[in-house]
$ cat work-v3.tsv   # TSV, N, CA and C atoms
chain	number	residue	atom	x	y	z
V	55	MET	N	92.38	132.09	115.55
V	55	MET	CA	91.33	132.75	114.82
V	55	MET	C	90.50	133.59	115.78
V	56	GLY	N	89.92	134.64	115.24
V	56	GLY	CA	89.10	135.52	116.05
V	56	GLY	C	87.79	135.84	115.36
V	57	ILE	N	86.97	136.57	116.06
V	57	ILE	CA	85.69	137.02	115.52
V	57	ILE	C	85.68	138.53	115.58
V	58	LYS	N	85.38	139.16	114.45
V	58	LYS	CA	85.26	140.61	114.38
V	58	LYS	C	83.80	140.97	114.58
V	59	ILE	N	83.51	141.74	115.64
V	59	ILE	CA	82.13	142.07	116.00
V	59	ILE	C	81.92	143.56	115.85
V	60	LYS	N	80.79	143.96	115.29
V	60	LYS	CA	80.45	145.37	115.13
V	60	LYS	C	79.04	145.60	115.66
V	61	LEU	N	78.88	146.62	116.49
V	61	LEU	CA	77.57	146.98	117.02
V	61	LEU	C	76.84	147.78	115.95
V	62	THR	N	75.80	147.19	115.35
V	62	THR	CA	75.12	147.84	114.22
V	62	THR	C	73.79	148.47	114.60
V	63	LYS	N	73.22	148.07	115.73
V	63	LYS	CA	71.97	148.66	116.18
V	63	LYS	C	72.12	149.12	117.62
V	64	SER	N	71.34	150.12	117.98
V	64	SER	CA	71.41	150.67	119.32
V	64	SER	C	70.85	149.68	120.33
V	65	HIS	N	71.44	149.65	121.50
V	65	HIS	CA	70.97	148.76	122.55
V	65	HIS	C	70.17	149.52	123.61
V	66	SER	N	69.69	150.72	123.27
V	66	SER	CA	69.00	151.55	124.25
V	66	SER	C	67.66	150.96	124.69
V	67	SER	N	66.94	150.27	123.81
V	67	SER	CA	65.65	149.71	124.19
V	67	SER	C	65.74	148.22	124.53
V	68	SER	N	66.94	147.71	124.67
V	68	SER	CA	67.14	146.30	124.98
V	68	SER	C	67.05	146.07	126.47
V	69	SER	N	66.94	144.80	126.84
V	69	SER	CA	66.89	144.46	128.26
V	69	SER	C	68.26	144.70	128.91
V	70	ALA	N	68.26	144.74	130.22
V	70	ALA	CA	69.51	145.00	130.96
V	70	ALA	C	70.52	143.88	130.71
V	71	ARG	N	70.06	142.65	130.55
V	71	ARG	CA	70.96	141.53	130.30
V	71	ARG	C	71.62	141.65	128.94
V	72	GLN	N	70.87	142.11	127.95
V	72	GLN	CA	71.45	142.28	126.62
V	72	GLN	C	72.46	143.43	126.61
V	73	VAL	N	72.15	144.50	127.33
V	73	VAL	CA	73.09	145.62	127.42
V	73	VAL	C	74.37	145.16	128.10
V	74	ALA	N	74.24	144.35	129.15
V	74	ALA	CA	75.42	143.82	129.85
V	74	ALA	C	76.23	142.89	128.94
V	75	THR	N	75.56	142.12	128.11
V	75	THR	CA	76.24	141.23	127.18
V	75	THR	C	77.02	142.02	126.14
V	76	VAL	N	76.40	143.08	125.61
V	76	VAL	CA	77.08	143.93	124.63
V	76	VAL	C	78.31	144.57	125.27
V	77	LYS	N	78.17	145.03	126.50
V	77	LYS	CA	79.31	145.63	127.21
V	77	LYS	C	80.39	144.58	127.49
V	78	GLY	N	79.97	143.37	127.80
V	78	GLY	CA	80.92	142.28	128.05
V	78	GLY	C	81.71	141.89	126.81
V	79	LEU	N	81.11	142.09	125.65
V	79	LEU	CA	81.83	141.83	124.40
V	79	LEU	C	82.84	142.93	124.08
V	80	GLY	N	82.77	144.03	124.80
V	80	GLY	CA	83.72	145.12	124.58
V	80	GLY	C	83.20	146.19	123.66
V	81	LEU	N	81.92	146.17	123.36
V	81	LEU	CA	81.32	147.16	122.47
V	81	LEU	C	80.72	148.27	123.33
V	82	THR	N	81.12	149.51	123.05
V	82	THR	CA	80.64	150.60	123.88
V	82	THR	C	79.73	151.55	123.12
V	83	LYS	N	80.11	151.91	121.92
V	83	LYS	CA	79.35	152.89	121.15
V	83	LYS	C	78.84	152.26	119.86
V	84	PHE	N	77.87	152.92	119.27
V	84	PHE	CA	77.32	152.50	118.00
V	84	PHE	C	78.43	152.48	116.95
V	85	ASN	N	78.47	151.46	116.13
V	85	ASN	CA	79.49	151.23	115.10
V	85	ASN	C	80.88	150.91	115.65
V	86	SER	N	81.00	150.60	116.92
V	86	SER	CA	82.31	150.21	117.45
V	86	SER	C	82.59	148.76	117.05
V	87	GLU	N	83.86	148.46	116.84
V	87	GLU	CA	84.28	147.12	116.42
V	87	GLU	C	85.34	146.58	117.37
V	88	VAL	N	85.28	145.29	117.60
V	88	VAL	CA	86.31	144.61	118.40
V	88	VAL	C	86.60	143.26	117.75
V	89	ILE	N	87.78	142.74	118.04
V	89	ILE	CA	88.14	141.38	117.63
V	89	ILE	C	88.34	140.60	118.92
V	90	VAL	N	87.59	139.51	119.06
V	90	VAL	CA	87.66	138.68	120.26
V	90	VAL	C	88.00	137.25	119.87
V	91	LYS	N	88.38	136.45	120.87
V	91	LYS	CA	88.68	135.05	120.63
V	91	LYS	C	87.44	134.30	120.21
V	92	ASP	N	87.62	133.34	119.34
V	92	ASP	CA	86.51	132.50	118.89
V	92	ASP	C	86.43	131.29	119.81
V	93	ASN	N	85.52	131.34	120.77
V	93	ASN	CA	85.30	130.21	121.67
V	93	ASN	C	83.82	130.07	121.98
V	94	ALA	N	83.46	129.07	122.73
V	94	ALA	CA	82.05	128.78	123.00
V	94	ALA	C	81.37	129.90	123.78
V	95	ALA	N	82.08	130.51	124.71
V	95	ALA	CA	81.48	131.59	125.52
V	95	ALA	C	81.15	132.80	124.64
V	96	THR	N	82.07	133.16	123.76
V	96	THR	CA	81.83	134.29	122.86
V	96	THR	C	80.69	133.98	121.91
V	97	ARG	N	80.64	132.77	121.40
V	97	ARG	CA	79.56	132.37	120.49
V	97	ARG	C	78.20	132.45	121.20
V	98	GLY	N	78.15	132.05	122.47
V	98	GLY	CA	76.92	132.13	123.23
V	98	GLY	C	76.47	133.56	123.44
V	99	MET	N	77.42	134.45	123.72
V	99	MET	CA	77.10	135.87	123.89
V	99	MET	C	76.58	136.46	122.59
V	100	LEU	N	77.21	136.09	121.48
V	100	LEU	CA	76.77	136.58	120.18
V	100	LEU	C	75.37	136.09	119.85
V	101	ASP	N	75.06	134.88	120.25
V	101	ASP	CA	73.73	134.34	119.98
V	101	ASP	C	72.65	135.14	120.72
V	102	LYS	N	72.97	135.64	121.91
V	102	LYS	CA	72.00	136.40	122.70
V	102	LYS	C	71.72	137.78	122.12
V	103	VAL	N	72.71	138.36	121.44
V	103	VAL	CA	72.54	139.73	120.92
V	103	VAL	C	72.73	139.78	119.40
V	104	ARG	N	72.42	138.70	118.71
V	104	ARG	CA	72.66	138.64	117.27
V	104	ARG	C	71.83	139.65	116.49
V	105	HIS	N	70.73	140.15	117.07
V	105	HIS	CA	69.92	141.15	116.40
V	105	HIS	C	70.50	142.56	116.53
V	106	LEU	N	71.53	142.73	117.36
V	106	LEU	CA	72.15	144.03	117.58
V	106	LEU	C	73.52	144.15	116.92
V	107	VAL	N	74.14	143.04	116.58
V	107	VAL	CA	75.51	143.05	116.09
V	107	VAL	C	75.63	142.31	114.76
V	108	THR	N	76.72	142.60	114.06
V	108	THR	CA	77.12	141.78	112.92
V	108	THR	C	78.51	141.25	113.25
V	109	PHE	N	78.81	140.04	112.78
V	109	PHE	CA	80.13	139.47	113.08
V	109	PHE	C	80.58	138.59	111.94
V	110	GLU	N	81.89	138.42	111.88
V	110	GLU	CA	82.51	137.55	110.89
V	110	GLU	C	83.76	136.95	111.49
V	111	VAL	N	84.08	135.75	111.04
V	111	VAL	CA	85.29	135.07	111.50
V	111	VAL	C	86.46	135.59	110.68
V	112	VAL	N	87.53	136.00	111.36
V	112	VAL	CA	88.72	136.51	110.70
V	112	VAL	C	89.92	135.67	111.13
V	113	LYS	N	90.98	135.74	110.34
V	113	LYS	CA	92.18	134.95	110.64
V	113	LYS	C	93.06	135.59	111.71
V	114	GLU	N	92.97	136.90	111.85
V	114	GLU	CA	93.86	137.56	112.80
V	114	GLU	C	93.43	137.29	114.24
V	115	GLU	N	94.41	137.22	115.10
V	115	GLU	CA	94.18	136.96	116.51
V	115	GLU	C	93.91	138.27	117.23
V	116	PRO	N	93.09	138.24	118.28
V	116	PRO	CA	92.87	139.47	119.06
V	116	PRO	C	94.14	139.85	119.81
V	117	LYS	N	94.31	141.15	120.02
V	117	LYS	CA	95.47	141.62	120.77
V	117	LYS	C	95.33	141.22	122.23
V	118	VAL	N	96.41	140.76	122.80
V	118	VAL	CA	96.42	140.41	124.22
V	118	VAL	C	96.99	141.60	124.97
V	119	VAL	N	96.15	142.21	125.78
V	119	VAL	CA	96.57	143.37	126.55
V	119	VAL	C	97.15	142.88	127.86
V	120	PRO	N	98.40	143.23	128.16
V	120	PRO	CA	98.99	142.75	129.41
V	120	PRO	C	98.27	143.35	130.61
V	121	ARG	N	98.08	142.54	131.61
V	121	ARG	CA	97.38	142.99	132.79
V	121	ARG	C	98.26	143.93	133.60
V	122	ARG	N	97.67	145.03	134.05
V	122	ARG	CA	98.42	146.01	134.85
V	122	ARG	C	98.02	145.90	136.30
V	123	LYS	N	98.97	146.25	137.17
V	123	LYS	CA	98.66	146.29	138.59
V	123	LYS	C	97.78	147.51	138.84
V	124	PRO	N	96.96	147.47	139.90
V	124	PRO	CA	96.17	148.66	140.24
V	124	PRO	C	97.08	149.83	140.57
V	125	ARG	N	96.55	151.03	140.38
V	125	ARG	CA	97.36	152.24	140.54
V	125	ARG	C	97.96	152.36	141.94
V	126	HIS	N	97.18	152.07	142.96
V	126	HIS	CA	97.71	152.23	144.32
V	126	HIS	C	98.86	151.26	144.59
V	127	ILE	N	98.86	150.11	143.95
V	127	ILE	CA	99.97	149.16	144.11
V	127	ILE	C	101.21	149.68	143.39
V	128	ARG	N	101.02	150.22	142.17
V	128	ARG	CA	102.16	150.78	141.43
V	128	ARG	C	102.78	151.95	142.17
V	129	VAL	N	101.95	152.81	142.76
V	129	VAL	CA	102.47	153.96	143.52
V	129	VAL	C	103.22	153.48	144.75
V	130	ARG	N	102.66	152.48	145.43
V	130	ARG	CA	103.32	151.93	146.62
V	130	ARG	C	104.67	151.32	146.27
V	131	ASP	N	104.73	150.55	145.18
V	131	ASP	CA	105.99	149.91	144.77
V	131	ASP	C	107.02	150.95	144.38
V	132	ALA	N	106.59	152.02	143.70
V	132	ALA	CA	107.51	153.08	143.31
V	132	ALA	C	108.07	153.79	144.55
V	133	ALA	N	107.22	154.03	145.54
V	133	ALA	CA	107.67	154.68	146.78
V	133	ALA	C	108.65	153.79	147.53
V	134	ARG	N	108.40	152.49	147.56
V	134	ARG	CA	109.33	151.58	148.23
V	134	ARG	C	110.66	151.53	147.51
V	135	ALA	N	110.65	151.50	146.19
V	135	ALA	CA	111.90	151.47	145.43
V	135	ALA	C	112.69	152.76	145.64
V	136	LYS	N	112.00	153.89	145.71
V	136	LYS	CA	112.66	155.18	145.93
V	136	LYS	C	113.28	155.23	147.32
V	137	ALA	N	112.55	154.75	148.33
V	137	ALA	CA	113.06	154.75	149.70
V	137	ALA	C	114.26	153.81	149.82
V	138	GLN	N	114.19	152.70	149.12
V	138	GLN	CA	115.30	151.75	149.16
V	138	GLN	C	116.56	152.31	148.51
V	139	SER	N	116.37	153.00	147.39
V	139	SER	CA	117.55	153.57	146.71
V	139	SER	C	118.11	154.78	147.48
V	140	ALA	N	117.28	155.51	148.20
V	140	ALA	CA	117.76	156.63	149.00
V	140	ALA	C	118.51	156.14	150.24
V	141	GLY	N	118.12	154.98	150.75
V	141	GLY	CA	118.75	154.41	151.95
V	141	GLY	C	120.10	153.81	151.68
V	142	LYS	N	120.43	153.49	150.47
V	142	LYS	CA	121.72	152.86	150.15
V	142	LYS	C	122.78	153.86	149.85
$ encode --input "work-v3.tsv" --output "C-alpha cells"
Amino acid sequence: MGIKIKLTKSHSSSSARQVATVKGLGLTKFNSEVIVKDNAATRGMLDKVRHLVTFEVVKEEPKVVPRRKPRHIRVRDAARAKAQSAGK
C-alpha cells in the first residue's frame, strides 16, 4: 500500500525545515503529486507538513526506480569495455 500526496499550498513562507520535508517527500511544485510507501517515517513527515499537503491511502504501490551508477562511473566502464574489445 502507498500514500498519494499532493502539495496543495505554497511552502514559500514556511520554515526551512518544512521546505526540506516537502522536498524530501518528492514534491517540487504546487499541485505536484507523488505516491510513496506507507511507513512510519513517511507518516512523521506528513504530520510535520499536514497544513501544506493533502494525502490519501491508496492500494497501488509506488514505482521502484532502479538505482543508476554515477555518470563518471558509467563513462569509465564504457571506455574500459571499448578498450577491452579493441584489444582482442
$ select_by_dssp --input "work-v3.tsv" --residues "chain V" --states "alpha helix (DSSP H)" --output "PyMOL selection string"
chain V and resi 70-78+94-102+125-141
$ residues_around --input "work-v3.tsv" --residues "Leu106 (chain V)" --least-positions-apart "3" --cutoff "8 Å" --atoms "only C-alpha atoms" --output "PyMOL selection string"
chain V and resi 61-65+103
$ residues_around --input "work-v3.tsv" --residues "Ser66 (chain V)" --least-positions-apart "5" --cutoff "12 Å" --atoms "only C-alpha atoms" --output "VMD selection string"
chain V and resid 71 to 74 76 82 to 84 106
$ residues_around --input "work-v3.tsv" --residues "Pro116 (chain V)" --least-positions-apart "2" --cutoff "7 Å" --atoms "all atoms listed in the file" --output "PDB file with N, CA and C atoms, in the coordinates of the input"
ATOM      1  N   MET V  55      92.380 132.090 115.550  1.00  0.00           N
ATOM      2  CA  MET V  55      91.330 132.750 114.820  1.00  0.00           C
ATOM      3  C   MET V  55      90.500 133.590 115.780  1.00  0.00           C
ATOM      4  N   GLY V  56      89.920 134.640 115.240  1.00  0.00           N
ATOM      5  CA  GLY V  56      89.100 135.520 116.050  1.00  0.00           C
ATOM      6  C   GLY V  56      87.790 135.840 115.360  1.00  0.00           C
ATOM      7  N   ILE V  57      86.970 136.570 116.060  1.00  0.00           N
ATOM      8  CA  ILE V  57      85.690 137.020 115.520  1.00  0.00           C
ATOM      9  C   ILE V  57      85.680 138.530 115.580  1.00  0.00           C
ATOM     10  N   ILE V  89      87.780 142.740 118.040  1.00  0.00           N
ATOM     11  CA  ILE V  89      88.140 141.380 117.630  1.00  0.00           C
ATOM     12  C   ILE V  89      88.340 140.600 118.920  1.00  0.00           C
ATOM     13  N   VAL V  90      87.590 139.510 119.060  1.00  0.00           N
ATOM     14  CA  VAL V  90      87.660 138.680 120.260  1.00  0.00           C
ATOM     15  C   VAL V  90      88.000 137.250 119.870  1.00  0.00           C
ATOM     16  N   LYS V  91      88.380 136.450 120.870  1.00  0.00           N
ATOM     17  CA  LYS V  91      88.680 135.050 120.630  1.00  0.00           C
ATOM     18  C   LYS V  91      87.440 134.300 120.210  1.00  0.00           C
ATOM     19  N   GLU V 114      92.970 136.900 111.850  1.00  0.00           N
ATOM     20  CA  GLU V 114      93.860 137.560 112.800  1.00  0.00           C
ATOM     21  C   GLU V 114      93.430 137.290 114.240  1.00  0.00           C
ATOM     22  N   VAL V 118      96.410 140.760 122.800  1.00  0.00           N
ATOM     23  CA  VAL V 118      96.420 140.410 124.220  1.00  0.00           C
ATOM     24  C   VAL V 118      96.990 141.600 124.970  1.00  0.00           C
ATOM     25  N   VAL V 119      96.150 142.210 125.780  1.00  0.00           N
ATOM     26  CA  VAL V 119      96.570 143.370 126.550  1.00  0.00           C
ATOM     27  C   VAL V 119      97.150 142.880 127.860  1.00  0.00           C
TER      28      VAL V 119
END
$ atom_distance --input "work-v3.tsv" --atom1 "CA of Pro124 (chain V)" --atom2 "CA of Ser139 (chain V)"
22.9 Å
$ atom_distance --input "work-v3.tsv" --atom1 "atom N of Ser69 (chain V)" --atom2 "atom N of Glu110 (chain V)"
22.1 Å
$ atom_distance --input "work-v3.tsv" --atom1 "CA of Lys102 (chain V)" --atom2 "atom N of Val88 (chain V)"
16.8 Å
